[in-house]
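Below is upload-v2.txt, which holds compact mmCIF, C-alpha atoms.
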```
# COMPACT_ATOMS: atom_id res chain seq x y z
CA MET G 20 0.00 0.00 0.00
CA SER G 21 1.05 3.59 -0.48
CA SER G 22 2.53 5.59 2.32
CA ILE G 23 -0.12 8.29 2.44
CA SER G 24 -0.43 9.81 5.89
CA THR G 25 -3.57 8.74 7.71
CA GLY G 26 -3.41 11.48 10.32
CA PRO G 27 -5.79 14.45 10.16
CA SER G 28 -2.94 16.94 9.85
CA GLY G 29 -1.38 15.00 6.99
CA ILE G 30 -4.64 15.04 5.05
CA ALA G 31 -5.16 18.75 5.68
CA GLU G 32 -1.63 19.50 4.44
CA GLN G 33 -2.20 17.55 1.21
CA THR G 34 -5.54 19.21 0.48
CA SER G 35 -4.10 22.68 1.10
CA ALA G 36 -1.32 22.05 -1.42
CA THR G 37 -3.81 22.47 -4.25
CA SER G 38 -6.10 25.03 -2.65
CA LEU G 39 -9.18 25.86 -4.73
CA LEU G 40 -11.69 28.61 -3.96
CA ARG G 41 -15.13 28.62 -5.55
CA PHE G 42 -16.77 32.01 -5.28
CA ALA G 43 -19.74 33.86 -6.75
CA THR G 44 -20.49 37.50 -7.42
CA ALA G 45 -23.92 39.05 -6.89
CA GLY G 46 -25.49 42.47 -6.71
CA SER G 47 -28.10 44.77 -8.18
CA VAL G 48 -28.28 45.70 -11.84
CA ASP G 49 -25.44 48.05 -12.91
CA ASP G 50 -23.56 47.67 -9.64
CA GLY G 51 -20.55 46.56 -11.69
CA LYS G 52 -20.30 42.80 -11.11
CA SER G 53 -19.05 41.94 -14.59
CA THR G 54 -16.65 44.89 -14.55
CA LEU G 55 -15.23 43.67 -11.23
CA VAL G 56 -14.75 40.19 -12.63
CA GLY G 57 -13.16 41.58 -15.77
CA ARG G 58 -10.85 43.74 -13.68
CA LEU G 59 -9.84 40.73 -11.57
CA LEU G 60 -9.03 38.70 -14.67
CA HIS G 61 -7.24 41.56 -16.43
CA ASP G 62 -5.12 42.82 -13.55
CA SER G 63 -4.18 39.32 -12.38
CA LYS G 64 -2.89 38.58 -15.92
CA SER G 65 -5.52 35.86 -16.42
CA VAL G 66 -6.75 37.09 -19.81
CA LEU G 67 -5.36 35.70 -23.05
CA ALA G 68 -4.19 38.18 -25.66
CA ASP G 69 -6.86 37.19 -28.18
CA GLN G 70 -9.60 37.56 -25.53
CA LEU G 71 -8.44 41.07 -24.67
CA GLU G 72 -8.19 41.97 -28.35
CA ALA G 73 -11.78 40.79 -28.92
CA VAL G 74 -12.99 42.91 -25.98
CA GLU G 75 -11.11 45.95 -27.25
CA HIS G 76 -12.64 45.51 -30.72
CA ALA G 77 -16.16 45.12 -29.29
CA SER G 78 -15.66 48.18 -27.10
CA ARG G 79 -14.49 50.33 -30.03
CA SER G 80 -17.48 49.22 -32.10
CA ARG G 81 -19.72 50.55 -29.31
CA GLY G 82 -17.93 53.91 -29.30
CA GLN G 83 -15.94 53.34 -26.10
CA GLU G 84 -12.38 54.64 -25.91
CA THR G 85 -11.22 52.14 -23.27
CA PRO G 86 -11.85 48.38 -23.11
CA ASP G 87 -15.11 47.44 -21.40
CA LEU G 88 -13.84 44.69 -19.09
CA ALA G 89 -17.40 43.54 -18.39
CA LEU G 90 -17.38 41.95 -21.84
CA LEU G 91 -14.90 39.36 -20.58
CA THR G 92 -17.79 37.65 -18.76
CA ASP G 93 -20.95 38.83 -20.52
CA GLY G 94 -20.65 36.38 -23.39
CA LEU G 95 -24.25 36.06 -24.60
CA ARG G 96 -25.26 38.36 -27.44
CA ALA G 97 -28.32 39.55 -25.49
CA GLU G 98 -26.07 40.38 -22.53
CA ARG G 99 -23.73 42.49 -24.62
CA GLU G 100 -26.56 44.26 -26.41
CA GLN G 101 -28.40 45.14 -23.19
CA GLY G 102 -25.32 45.64 -21.03
CA ILE G 103 -26.61 43.22 -18.39
CA THR G 104 -25.82 39.73 -17.14
CA ILE G 105 -28.54 37.16 -17.86
CA ASP G 106 -26.97 33.77 -17.24
CA VAL G 107 -24.33 32.55 -14.81
CA ALA G 108 -20.89 33.04 -16.39
CA TYR G 109 -18.18 30.71 -15.06
CA ARG G 110 -14.54 31.65 -15.30
CA TYR G 111 -11.46 29.74 -14.20
CA PHE G 112 -8.21 31.45 -13.29
CA ALA G 113 -5.25 31.05 -10.98
CA THR G 114 -2.59 33.03 -9.16
CA PRO G 115 0.61 31.65 -7.65
CA ARG G 116 -1.22 31.33 -4.33
CA ARG G 117 -4.56 29.73 -5.28
CA ARG G 118 -6.84 28.42 -8.05
CA PHE G 119 -10.30 29.92 -8.54
CA VAL G 120 -13.67 28.96 -10.01
CA LEU G 121 -15.73 32.13 -10.36
CA ALA G 122 -19.48 32.35 -11.00
CA ASP G 123 -20.68 35.77 -12.16
CA THR G 124 -24.43 35.74 -11.44
CA PRO G 125 -27.19 38.07 -12.73
CA GLY G 126 -28.55 40.93 -10.68
CA HIS G 127 -32.16 41.11 -11.91
CA VAL G 128 -34.89 39.93 -9.56
CA GLN G 129 -36.21 37.48 -12.16
CA TYR G 130 -32.82 35.75 -12.24
CA THR G 131 -32.62 35.02 -8.51
CA ARG G 132 -32.63 31.31 -9.41
CA ASN G 133 -29.39 31.87 -11.34
CA MET G 134 -27.72 33.19 -8.20
CA VAL G 135 -28.87 30.07 -6.34
CA THR G 136 -27.26 27.97 -9.06
CA GLY G 137 -23.99 29.91 -9.01
CA ALA G 138 -23.67 30.15 -5.22
CA SER G 139 -24.79 26.61 -4.38
CA THR G 140 -21.21 25.31 -4.46
CA ALA G 141 -19.47 28.57 -3.54
CA GLU G 142 -17.35 28.97 -0.44
CA LEU G 143 -17.43 32.75 -0.73
CA ALA G 144 -19.88 35.28 -2.15
CA VAL G 145 -18.95 38.79 -3.27
CA VAL G 146 -21.98 41.07 -2.94
CA LEU G 147 -21.56 44.38 -4.76
CA VAL G 148 -23.19 47.64 -3.72
CA ASP G 149 -23.16 50.92 -5.64
CA ALA G 150 -21.69 53.48 -3.24
CA ARG G 151 -24.19 56.08 -4.50
CA ASN G 152 -27.24 53.90 -3.74
CA GLY G 153 -26.15 51.94 -0.66
CA VAL G 154 -27.94 48.79 0.50
CA VAL G 155 -31.05 48.25 -1.61
CA GLU G 156 -33.73 45.56 -1.78
CA GLN G 157 -31.72 43.35 -4.13
CA THR G 158 -28.69 43.61 -1.84
CA ARG G 159 -30.75 42.21 1.02
CA ARG G 160 -32.13 39.51 -1.28
CA HIS G 161 -28.68 38.34 -2.29
CA ALA G 162 -27.47 38.37 1.32
CA ALA G 163 -30.45 36.24 2.28
CA VAL G 164 -29.77 33.74 -0.53
CA ALA G 165 -26.12 33.49 0.55
CA ALA G 166 -27.26 32.80 4.11
CA LEU G 167 -29.79 30.19 2.95
CA LEU G 168 -27.10 28.41 0.96
CA ARG G 169 -24.76 28.48 3.99
CA VAL G 170 -22.00 30.28 2.10
CA PRO G 171 -19.38 30.58 4.86
CA HIS G 172 -17.69 33.82 3.71
CA VAL G 173 -19.34 36.97 2.35
CA VAL G 174 -17.48 39.99 0.97
CA LEU G 175 -19.26 43.33 0.69
CA ALA G 176 -17.62 45.19 -2.19
CA VAL G 177 -18.70 48.83 -2.07
CA ASN G 178 -18.14 49.73 -5.71
CA LYS G 179 -17.93 53.04 -7.58
CA MET G 180 -16.18 54.79 -4.72
CA ASP G 181 -14.69 57.11 -7.36
CA LEU G 182 -18.18 58.54 -7.91
CA VAL G 183 -18.50 59.57 -4.23
CA ASP G 184 -15.02 61.14 -4.05
CA TYR G 185 -13.66 58.09 -2.18
CA ALA G 186 -15.42 59.31 0.96
CA GLU G 187 -14.79 57.10 4.01
CA PRO G 188 -18.11 58.03 5.75
CA VAL G 189 -20.08 56.73 2.76
CA PHE G 190 -18.27 53.39 2.92
CA ALA G 191 -18.57 53.16 6.71
CA ARG G 192 -22.33 53.75 6.65
CA ILE G 193 -22.97 51.11 3.97
CA ALA G 194 -20.66 48.57 5.62
CA GLU G 195 -22.35 49.00 8.98
CA GLU G 196 -25.86 48.60 7.55
CA PHE G 197 -25.01 45.52 5.47
CA THR G 198 -22.99 43.83 8.22
CA ALA G 199 -25.83 44.19 10.71
CA TYR G 200 -28.34 42.72 8.24
CA ALA G 201 -26.14 39.81 7.13
CA ALA G 202 -25.19 39.00 10.73
CA SER G 203 -28.88 38.80 11.63
CA LEU G 204 -29.21 36.08 8.96
CA GLY G 205 -26.44 34.04 10.53
CA VAL G 206 -23.68 34.77 7.99
CA PRO G 207 -20.56 33.73 9.93
CA GLU G 208 -17.99 36.04 8.32
CA ILE G 209 -18.42 39.39 6.55
CA THR G 210 -15.59 41.45 5.06
CA ALA G 211 -16.22 44.94 3.64
CA ILE G 212 -13.88 46.38 0.99
CA PRO G 213 -14.20 49.81 -0.75
CA ILE G 214 -13.40 49.52 -4.47
CA SER G 215 -13.70 51.05 -7.90
CA ALA G 216 -13.86 48.21 -10.41
CA LEU G 217 -13.67 50.62 -13.34
CA ALA G 218 -10.54 52.37 -12.07
CA GLY G 219 -9.04 49.31 -10.41
CA ASP G 220 -8.95 50.68 -6.86
CA ASN G 221 -8.51 47.89 -4.25
CA VAL G 222 -9.39 45.12 -6.71
CA VAL G 223 -5.91 43.72 -7.38
CA THR G 224 -3.75 46.72 -6.47
CA VAL G 225 -3.98 48.93 -3.39
CA SER G 226 -5.75 52.23 -4.01
CA ALA G 227 -3.82 55.44 -3.60
CA ASN G 228 -7.14 57.28 -3.31
CA MET G 229 -8.29 55.56 -0.11
CA ASP G 230 -5.37 55.71 2.30
CA TRP G 231 -7.90 55.58 5.14
CA TYR G 232 -8.56 51.91 4.29
CA GLY G 233 -6.02 49.48 5.72
CA GLY G 234 -7.58 46.14 4.78
CA PRO G 235 -6.85 43.73 1.93
CA THR G 236 -7.69 44.19 -1.72
CA VAL G 237 -10.33 41.89 -3.19
CA LEU G 238 -7.71 39.57 -4.69
CA GLU G 239 -5.66 39.50 -1.50
CA HIS G 240 -8.73 38.45 0.45
CA LEU G 241 -9.63 35.80 -2.11
CA GLU G 242 -6.10 34.40 -1.94
CA THR G 243 -5.93 34.26 1.85
CA VAL G 244 -9.46 33.50 3.08
CA PRO G 245 -9.32 30.11 4.85
CA VAL G 246 -11.21 27.44 2.91
CA VAL G 247 -9.20 24.29 3.60
CA THR G 248 -10.60 22.37 6.55
CA ASP G 249 -9.67 19.04 8.05
CA PRO G 250 -11.83 16.41 6.29
CA SER G 251 -11.56 14.18 9.38
CA ALA G 252 -13.86 16.59 11.22
CA ASP G 253 -16.84 15.61 9.00
CA PRO G 254 -18.61 12.22 8.92
CA ALA G 255 -17.69 10.15 5.87
CA ARG G 256 -20.24 9.85 3.07
CA PHE G 257 -19.56 7.77 -0.06
CA PRO G 258 -22.40 7.63 -2.62
CA VAL G 259 -21.92 4.66 -4.95
CA GLN G 260 -21.85 5.59 -8.64
CA TYR G 261 -20.92 2.29 -10.24
CA VAL G 262 -20.25 -1.34 -9.28
CA ILE G 263 -17.06 -2.75 -10.83
CA ARG G 264 -17.04 -6.51 -11.53
CA PRO G 265 -14.36 -7.34 -14.17
CA GLN G 266 -14.80 -11.12 -13.76
CA SER G 267 -11.60 -11.54 -15.73
CA ALA G 268 -8.92 -14.19 -15.44
CA GLU G 269 -6.72 -11.75 -13.53
CA LEU G 270 -9.55 -10.51 -11.27
CA PRO G 271 -12.14 -13.29 -11.06
CA ASP G 272 -13.60 -12.22 -7.69
CA TYR G 273 -13.05 -8.45 -7.75
CA ARG G 274 -16.03 -6.43 -6.56
CA GLY G 275 -15.51 -2.70 -6.10
CA TYR G 276 -17.81 0.25 -5.55
CA ALA G 277 -16.72 3.35 -7.44
CA GLY G 278 -17.69 6.91 -6.54
CA GLN G 279 -16.55 10.24 -5.16
CA VAL G 280 -16.10 10.84 -1.43
CA ALA G 281 -18.78 13.42 -0.65
CA SER G 282 -17.48 14.27 2.82
CA GLY G 283 -15.12 13.06 5.48
CA VAL G 284 -12.46 10.36 5.29
CA LEU G 285 -12.58 6.63 4.49
CA ARG G 286 -9.90 4.30 5.85
CA VAL G 287 -9.10 0.66 5.34
CA GLY G 288 -10.47 -1.26 8.31
CA ASP G 289 -13.38 1.12 8.98
CA ALA G 290 -16.66 -0.48 10.01
CA VAL G 291 -19.28 0.79 7.57
CA THR G 292 -23.01 0.58 6.91
CA VAL G 293 -24.64 0.60 3.49
CA LEU G 294 -27.78 2.73 3.32
CA PRO G 295 -30.70 2.50 2.87
CA SER G 296 -30.46 -1.31 3.36
CA GLY G 297 -28.62 -1.06 6.68
CA ARG G 298 -26.22 -3.92 5.87
CA THR G 299 -22.81 -3.69 7.55
CA SER G 300 -19.27 -4.64 6.59
CA THR G 301 -15.66 -3.47 6.81
CA ILE G 302 -13.56 -1.61 4.25
CA GLU G 303 -11.12 -4.20 2.96
CA GLY G 304 -9.35 -1.98 0.44
CA ILE G 305 -9.39 1.36 -1.37
CA ASP G 306 -8.15 1.74 -4.94
CA ALA G 307 -7.22 5.14 -6.40
CA LEU G 308 -5.75 5.64 -9.87
CA GLY G 309 -4.91 1.95 -10.14
CA GLU G 310 -3.09 1.78 -6.81
CA GLN G 311 -4.10 0.56 -3.36
CA VAL G 312 -4.18 3.29 -0.72
CA ASP G 313 -4.83 3.38 3.01
CA VAL G 314 -7.15 6.38 3.07
CA ALA G 315 -9.38 8.50 0.84
CA TRP G 316 -10.91 11.89 1.56
CA VAL G 317 -13.27 14.43 0.02
CA PRO G 318 -13.41 15.03 -2.97
CA GLN G 319 -11.34 12.10 -4.24
CA SER G 320 -12.80 9.58 -6.69
CA VAL G 321 -11.93 6.06 -5.59
CA THR G 322 -13.11 2.45 -5.60
CA VAL G 323 -13.98 0.91 -2.25
CA ARG G 324 -13.79 -2.84 -1.62
CA LEU G 325 -15.69 -4.40 1.29
CA ALA G 326 -14.94 -7.54 3.26
CA ASP G 327 -18.41 -8.99 2.56
CA ASP G 328 -20.30 -9.60 -0.68
CA LEU G 329 -23.32 -7.33 -0.29
CA ASP G 330 -26.09 -6.37 -2.69
CA ILE G 331 -25.00 -2.81 -3.42
CA SER G 332 -25.93 -0.75 -6.47
CA ARG G 333 -25.79 2.82 -7.76
CA GLY G 334 -27.55 5.18 -5.38
CA ASP G 335 -26.57 3.38 -2.19
CA ILE G 336 -24.37 5.32 0.20
CA ILE G 337 -21.55 3.89 2.34
CA VAL G 338 -21.16 5.57 5.75
CA PRO G 339 -19.37 4.84 9.04
CA THR G 340 -21.42 2.51 11.21
CA ALA G 341 -20.79 4.82 14.15
CA GLY G 342 -22.88 7.92 13.52
CA ALA G 343 -24.72 6.71 10.44
CA PRO G 344 -27.52 9.10 9.41
CA ALA G 345 -31.12 8.05 9.83
CA THR G 346 -33.06 7.21 6.68
CA THR G 347 -36.42 8.81 6.00
CA GLN G 348 -39.17 9.05 3.41
CA ASP G 349 -40.51 12.37 4.75
CA ILE G 350 -38.36 15.37 3.87
CA GLU G 351 -38.88 18.92 5.08
CA ALA G 352 -36.73 21.40 3.23
CA THR G 353 -36.17 24.91 2.00
CA VAL G 354 -36.27 25.04 -1.79
CA CYS G 355 -35.73 27.51 -4.60
CA HIS G 356 -38.04 26.90 -7.54
CA LEU G 357 -36.11 27.15 -10.80
CA HIS G 358 -38.64 26.36 -13.51
CA ASP G 359 -41.14 28.67 -15.19
CA ARG G 360 -43.89 26.14 -14.48
CA PRO G 361 -45.13 26.45 -10.85
CA LEU G 362 -44.50 23.74 -8.27
CA LYS G 363 -47.84 22.72 -6.73
CA ILE G 364 -49.06 20.57 -3.87
CA GLY G 365 -49.67 17.02 -5.02
CA GLU G 366 -47.20 17.20 -7.89
CA ARG G 367 -45.42 13.96 -8.73
CA VAL G 368 -41.70 14.42 -9.20
CA LEU G 369 -38.40 12.59 -9.14
CA LEU G 370 -36.06 13.44 -6.29
CA LYS G 371 -32.33 13.19 -7.01
CA HIS G 372 -30.07 12.97 -3.96
CA THR G 373 -26.36 12.36 -4.66
CA THR G 374 -26.41 9.36 -7.02
CA ARG G 375 -29.89 8.12 -6.06
CA THR G 376 -33.11 9.10 -7.87
CA VAL G 377 -36.52 8.09 -6.46
CA LYS G 378 -40.18 8.92 -7.05
CA ALA G 379 -41.70 11.52 -4.76
CA ILE G 380 -44.81 13.63 -4.14
CA VAL G 381 -44.95 17.25 -2.98
CA LYS G 382 -47.24 16.77 0.04
CA ASP G 383 -47.32 20.37 1.27
CA ILE G 384 -45.93 23.86 0.70
CA PRO G 385 -46.24 25.39 4.19
CA SER G 386 -44.79 28.79 3.37
CA ARG G 387 -43.06 31.07 0.90
CA LEU G 388 -40.24 33.32 2.05
CA THR G 389 -40.47 37.05 1.42
CA LEU G 390 -36.79 37.92 1.06
CA ASP G 391 -37.37 41.65 1.43
CA ASP G 392 -38.21 41.40 5.12
CA LEU G 393 -37.67 37.64 5.74
CA SER G 394 -41.33 37.11 6.62
CA GLN G 395 -43.09 33.83 5.89
CA HIS G 396 -46.14 33.92 3.64
CA PRO G 397 -48.21 30.95 4.88
CA ALA G 398 -49.80 28.31 2.64
CA PRO G 399 -49.04 29.87 -0.77
CA GLY G 400 -50.34 26.75 -2.55
CA GLU G 401 -47.57 26.87 -5.15
CA LEU G 402 -44.10 28.20 -5.81
CA VAL G 403 -43.34 30.07 -9.02
CA ALA G 404 -39.96 30.72 -10.65
CA ASN G 405 -37.42 32.31 -8.27
CA ASP G 406 -39.62 31.67 -5.21
CA ILE G 407 -37.95 30.33 -2.07
CA GLY G 408 -40.18 28.40 0.29
CA ARG G 409 -40.66 25.44 2.60
CA VAL G 410 -41.90 22.12 1.22
CA VAL G 411 -42.78 18.69 2.58
CA VAL G 412 -41.90 15.83 0.23
CA ARG G 413 -42.73 12.14 0.58
CA THR G 414 -40.44 9.70 -1.26
CA ALA G 415 -41.19 6.19 -2.50
CA GLU G 416 -37.98 4.85 -0.95
CA PRO G 417 -36.02 5.86 2.14
CA LEU G 418 -33.10 8.26 1.70
CA ALA G 419 -30.08 9.00 3.88
CA LEU G 420 -30.11 12.80 3.92
CA ASP G 421 -28.03 14.95 6.20
CA ALA G 422 -29.26 18.38 7.25
CA TYR G 423 -28.01 20.98 4.77
CA ALA G 424 -26.55 22.93 7.69
CA ASP G 425 -24.29 19.92 8.39
CA SER G 426 -23.41 19.00 4.80
CA ARG G 427 -24.12 21.08 1.70
CA ARG G 428 -23.32 18.05 -0.48
CA THR G 429 -25.44 15.34 1.14
CA GLY G 430 -28.08 17.73 2.46
CA SER G 431 -29.09 19.01 -0.98
CA PHE G 432 -31.34 17.51 -3.63
CA LEU G 433 -33.15 18.28 -6.88
CA LEU G 434 -36.78 17.83 -7.84
CA ILE G 435 -37.09 16.69 -11.46
CA ASP G 436 -39.98 16.47 -13.93
CA PRO G 437 -40.50 12.70 -14.50
CA ALA G 438 -41.88 13.35 -17.98
CA ASP G 439 -38.88 15.06 -19.57
CA GLY G 440 -36.11 15.15 -16.95
CA THR G 441 -36.24 18.93 -16.52
CA THR G 442 -34.87 20.26 -13.23
CA LEU G 443 -37.72 21.97 -11.36
CA THR G 444 -36.47 22.82 -7.89
CA ALA G 445 -33.29 22.88 -5.81
CA GLY G 446 -33.74 21.78 -2.20
CA MET G 447 -31.87 22.09 1.10
CA ALA G 448 -32.93 19.58 3.75
CA GLY G 449 -33.68 20.73 7.27
CA ALA G 450 -34.28 24.17 8.70
CA SER G 451 -33.54 27.42 6.89
CA PHE G 452 -31.87 30.39 8.60
CA ALA G 453 -35.35 31.63 9.55
CA ALA G 454 -36.74 29.48 12.36
CA SER G 455 -39.52 28.04 10.29
CA ASP G 456 -41.23 25.13 11.94
CA ASP G 457 -43.98 25.45 9.40
CA ALA G 458 -46.39 22.82 10.60
CA GLY G 459 -48.62 22.33 7.59
CA THR G 460 -51.32 19.71 7.36
CA VAL G 461 -50.23 16.96 4.97
CA GLN G 462 -53.11 15.90 2.76
CA ASP G 463 -53.55 12.31 1.61
CA ASP G 464 -52.91 11.88 -2.08
CA GLU G 465 -54.52 9.48 -4.47
CA GLY G 466 -52.20 7.74 -6.91
CA TRP G 467 -48.61 7.73 -5.63
CA ASP G 468 -49.42 6.78 -2.04
CA PHE G 469 -46.16 6.10 -0.23
```
Would you put the structure from the file into structure tokens?
Amino acid sequence: MSSISTGPSGIAEQTSATSLLRFATAGSVDDGKSTLVGRLLHDSKSVLADQLEAVEHASRSRGQETPDLALLTDGLRAEREQGITIDVAYRYFATPRRRFVLADTPGHVQYTRNMVTGASTAELAVVLVDARNGVVEQTRRHAAVAALLRVPHVVLAVNKMDLVDYAEPVFARIAEEFTAYAASLGVPEITAIPISALAGDNVVTVSANMDWYGGPTVLEHLETVPVVTDPSADPARFPVQYVIRPQSAELPDYRGYAGQVASGVLRVGDAVTVLPSGRTSTIEGIDALGEQVDVAWVPQSVTVRLADDLDISRGDIIVPTAGAPATTQDIEATVCHLHDRPLKIGERVLLKHTTRTVKAIVKDIPSRLTLDDLSQHPAPGELVANDIGRVVVRTAEPLALDAYADSRRTGSFLLIDPADGTTLTAGMAGASFAASDDAGTVQDDEGWDF
């Protein structure tokens, strides 16, 4: 076997060696999100020469003397024509200190679902505010979505400081208002940075116009914010994607379960339980990239071999016997509805959780969240596109869900249209940031009666 360290510190050191930060940008229309992203890419030397040349050409054709860096992310024709962001634009770049996956999300109210998509896997959210307008309704909406999605780090970028003469009192007032609001939602860490994306102040280089600010630039914060945690601190979860049975002359009895470690650490010799069946065994071996290893951790893709021949298939999840999650067919969750067709009580759907997809029924929609003031609108009857609300779902088969607050990976799920496979709704199991014990009356349903 390989000599990979099995100690928690050894694993943390190896994961930090290739540190990756996923972050999303959000903000109101014309707050400068795409310009900020373009400035980050340009000033960090992450733009290819032909990309910059294309942006310069497009800018000149629109009568602009200087390159419009927003065009580096606004790639759709409709986005460039209207000067807005419509879809989530993903960009990948790196500095000597860290690799980044960036999601530039739209600012319009009708594209709230796009922010949910972009921020669902983010470890940090950059919320932009126009220094002239301060905290507005859409700012509060984006802060609430970041809190719902349990994004651990939020940056308030107070943009267009050049248009308010780089005044410190303007920045201080906005930072205080936003920090108080985000903290009330349970956001664990908030960092406020005054910037001018157009001029480049405090984006990559320190601004000479704001000597009263002594904090990091946006890029400095992105490079140094702690995102690497010890995987040993989280319970192991291993959703099975594929069963490997070569049945060849060299491997006549090989039976392996391939997948990606969703959380925690797996070690040879661990006592494990297979859910939802509840059968138990011991990890006999772990194969990674054709070699046997002692240990595997999130997010490695490996093949696990067990000491016993069990009936295991795609969709099962291997977990430590000690502290295995309970299985359930009744799921209460906060969801964001993504589809233009409303989600209604009694609707038959497919529920996809990790690698498992089962039939389900929407039994109740107890409330819809009003993000403006965080109030709960009781018994809305349906959720329309961009709505966030509470739902009660009954599944045909038991699932091993964690609470989303404990695991964003194994606490999330999708509701899918069984007719055409369209994604309808994104769900987060357990309680939302608002204490919503929405006790709705679950009606019996004819047809899919689970």
Pick from G:Val293, G:Met229, G:Ala163, G:Met180, whichever lies nearest to Ala202 of chain G using all atoms listed in the file:
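That would be G:Ala163, the residue with the smallest distance to Ala202 of chain G.
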Contacts of segment 144-160 of chain G at 9 Å or less, counting all atoms listed in the file, minus same-chain residues fewer than 5 places along, as a PyMOL selection string?
chain G and resi 41-52+126-128+131+138+165+170-183+189-190+192-194+196-197+200-201+213+390-392
Set the distance at 9 Å and use all atoms listed in the file: which residues neighbour segment 230-245 of chain G once local chain neighbours fewer than 3 positions away are removed? I'd like the list as a PyMOL selection string.
chain G and resi 40+42+59+63+114+116-119+143+172+174+176+187+210-214+220-227+248
Would you put the residues from that selection into a file with C-alpha atoms, as a PDB file, keeping the file's coordinate frame?
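Dumped everything to again_18.pdb:
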```pdb
ATOM      1  CA  LEU G  40     -11.690  28.610  -3.960  1.00  0.00           C
ATOM      2  CA  PHE G  42     -16.770  32.010  -5.280  1.00  0.00           C
ATOM      3  CA  LEU G  59      -9.840  40.730 -11.570  1.00  0.00           C
ATOM      4  CA  SER G  63      -4.180  39.320 -12.380  1.00  0.00           C
ATOM      5  CA  THR G 114      -2.590  33.030  -9.160  1.00  0.00           C
ATOM      6  CA  ARG G 116      -1.220  31.330  -4.330  1.00  0.00           C
ATOM      7  CA  ARG G 117      -4.560  29.730  -5.280  1.00  0.00           C
ATOM      8  CA  ARG G 118      -6.840  28.420  -8.050  1.00  0.00           C
ATOM      9  CA  PHE G 119     -10.300  29.920  -8.540  1.00  0.00           C
ATOM     10  CA  LEU G 143     -17.430  32.750  -0.730  1.00  0.00           C
ATOM     11  CA  HIS G 172     -17.690  33.820   3.710  1.00  0.00           C
ATOM     12  CA  VAL G 174     -17.480  39.990   0.970  1.00  0.00           C
ATOM     13  CA  ALA G 176     -17.620  45.190  -2.190  1.00  0.00           C
ATOM     14  CA  GLU G 187     -14.790  57.100   4.010  1.00  0.00           C
ATOM     15  CA  THR G 210     -15.590  41.450   5.060  1.00  0.00           C
ATOM     16  CA  ALA G 211     -16.220  44.940   3.640  1.00  0.00           C
ATOM     17  CA  ILE G 212     -13.880  46.380   0.990  1.00  0.00           C
ATOM     18  CA  PRO G 213     -14.200  49.810  -0.750  1.00  0.00           C
ATOM     19  CA  ILE G 214     -13.400  49.520  -4.470  1.00  0.00           C
ATOM     20  CA  ASP G 220      -8.950  50.680  -6.860  1.00  0.00           C
ATOM     21  CA  ASN G 221      -8.510  47.890  -4.250  1.00  0.00           C
ATOM     22  CA  VAL G 222      -9.390  45.120  -6.710  1.00  0.00           C
ATOM     23  CA  VAL G 223      -5.910  43.720  -7.380  1.00  0.00           C
ATOM     24  CA  THR G 224      -3.750  46.720  -6.470  1.00  0.00           C
ATOM     25  CA  VAL G 225      -3.980  48.930  -3.390  1.00  0.00           C
ATOM     26  CA  SER G 226      -5.750  52.230  -4.010  1.00  0.00           C
ATOM     27  CA  ALA G 227      -3.820  55.440  -3.600  1.00  0.00           C
ATOM     28  CA  THR G 248     -10.600  22.370   6.550  1.00  0.00           C
TER      29      THR G 248
END
```
Would you compute the distance between atom CA of Ala419 of chain G and atom CA of Arg132 of chain G? Give it in Å to one decimal.
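So the two atoms, atom CA of Ala419 of chain G and atom CA of Arg132 of chain G, lie 26.1 Å apart.
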Using only C-alpha atoms, pick whichever of G:Pro115, G:Gly304, G:Gly400, G:Gly408 has the shortest atom-to-atom distance to Gly275 of chain G.
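Smallest distance to Gly275 of chain G is found for G:Gly304.
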Using Å and a single decimal, report how far atom CA of Thr376 of chain G sits from atom CA of Gly334 of chain G.
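Atom CA of Thr376 of chain G lies 7.2 Å from atom CA of Gly334 of chain G.
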For atom CA of His372 of chain G and atom CA of Asn133 of chain G, the interatomic separation in Å (one decimal):
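Separation between atom CA of His372 of chain G and atom CA of Asn133 of chain G: 20.3 Å.
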Residue with smallest distance to Arg387 of chain G - pool G:Thr353, G:Gln348, G:Ser332, G:Thr299, counting all atoms listed in the file:
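Of all the options, G:Thr353 lies closest to Arg387 of chain G.
Shortest atom-to-atom contact with Pro318 of chain G among G:Leu39, G:Ile407, G:Val291, G:Val107: G:Leu39, counting only C-alpha atoms.
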Spatial neighbours of segment 438-448 of chain G, max dist 8 Å, all atoms listed in the file, sep filter under 5 positions, as a list in words:
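The residues satisfying every condition are Leu168, Ile350, Glu351, Ala352, Thr353, Val354, Cys355, His356, Leu357, His358, Leu362, Leu420, Asp421, Ala422, Tyr423, Arg427, Gly430, Ser431, Phe432 and Leu433 of chain G.
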Calculated over only C-alpha atoms, which of the candidates G:Ile305, G:Val321, G:Lys382, G:Gly297 has the smallest distance to Tyr261 of chain G?
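When distances to Tyr261 of chain G are compared using only C-alpha atoms, the smallest one comes from G:Val321.
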So, with all atoms listed in the file as the atoms that count, which of G:Ile364, G:Arg324, G:Ala424, G:Val259 lies closest to Val312 of chain G?
G:Arg324
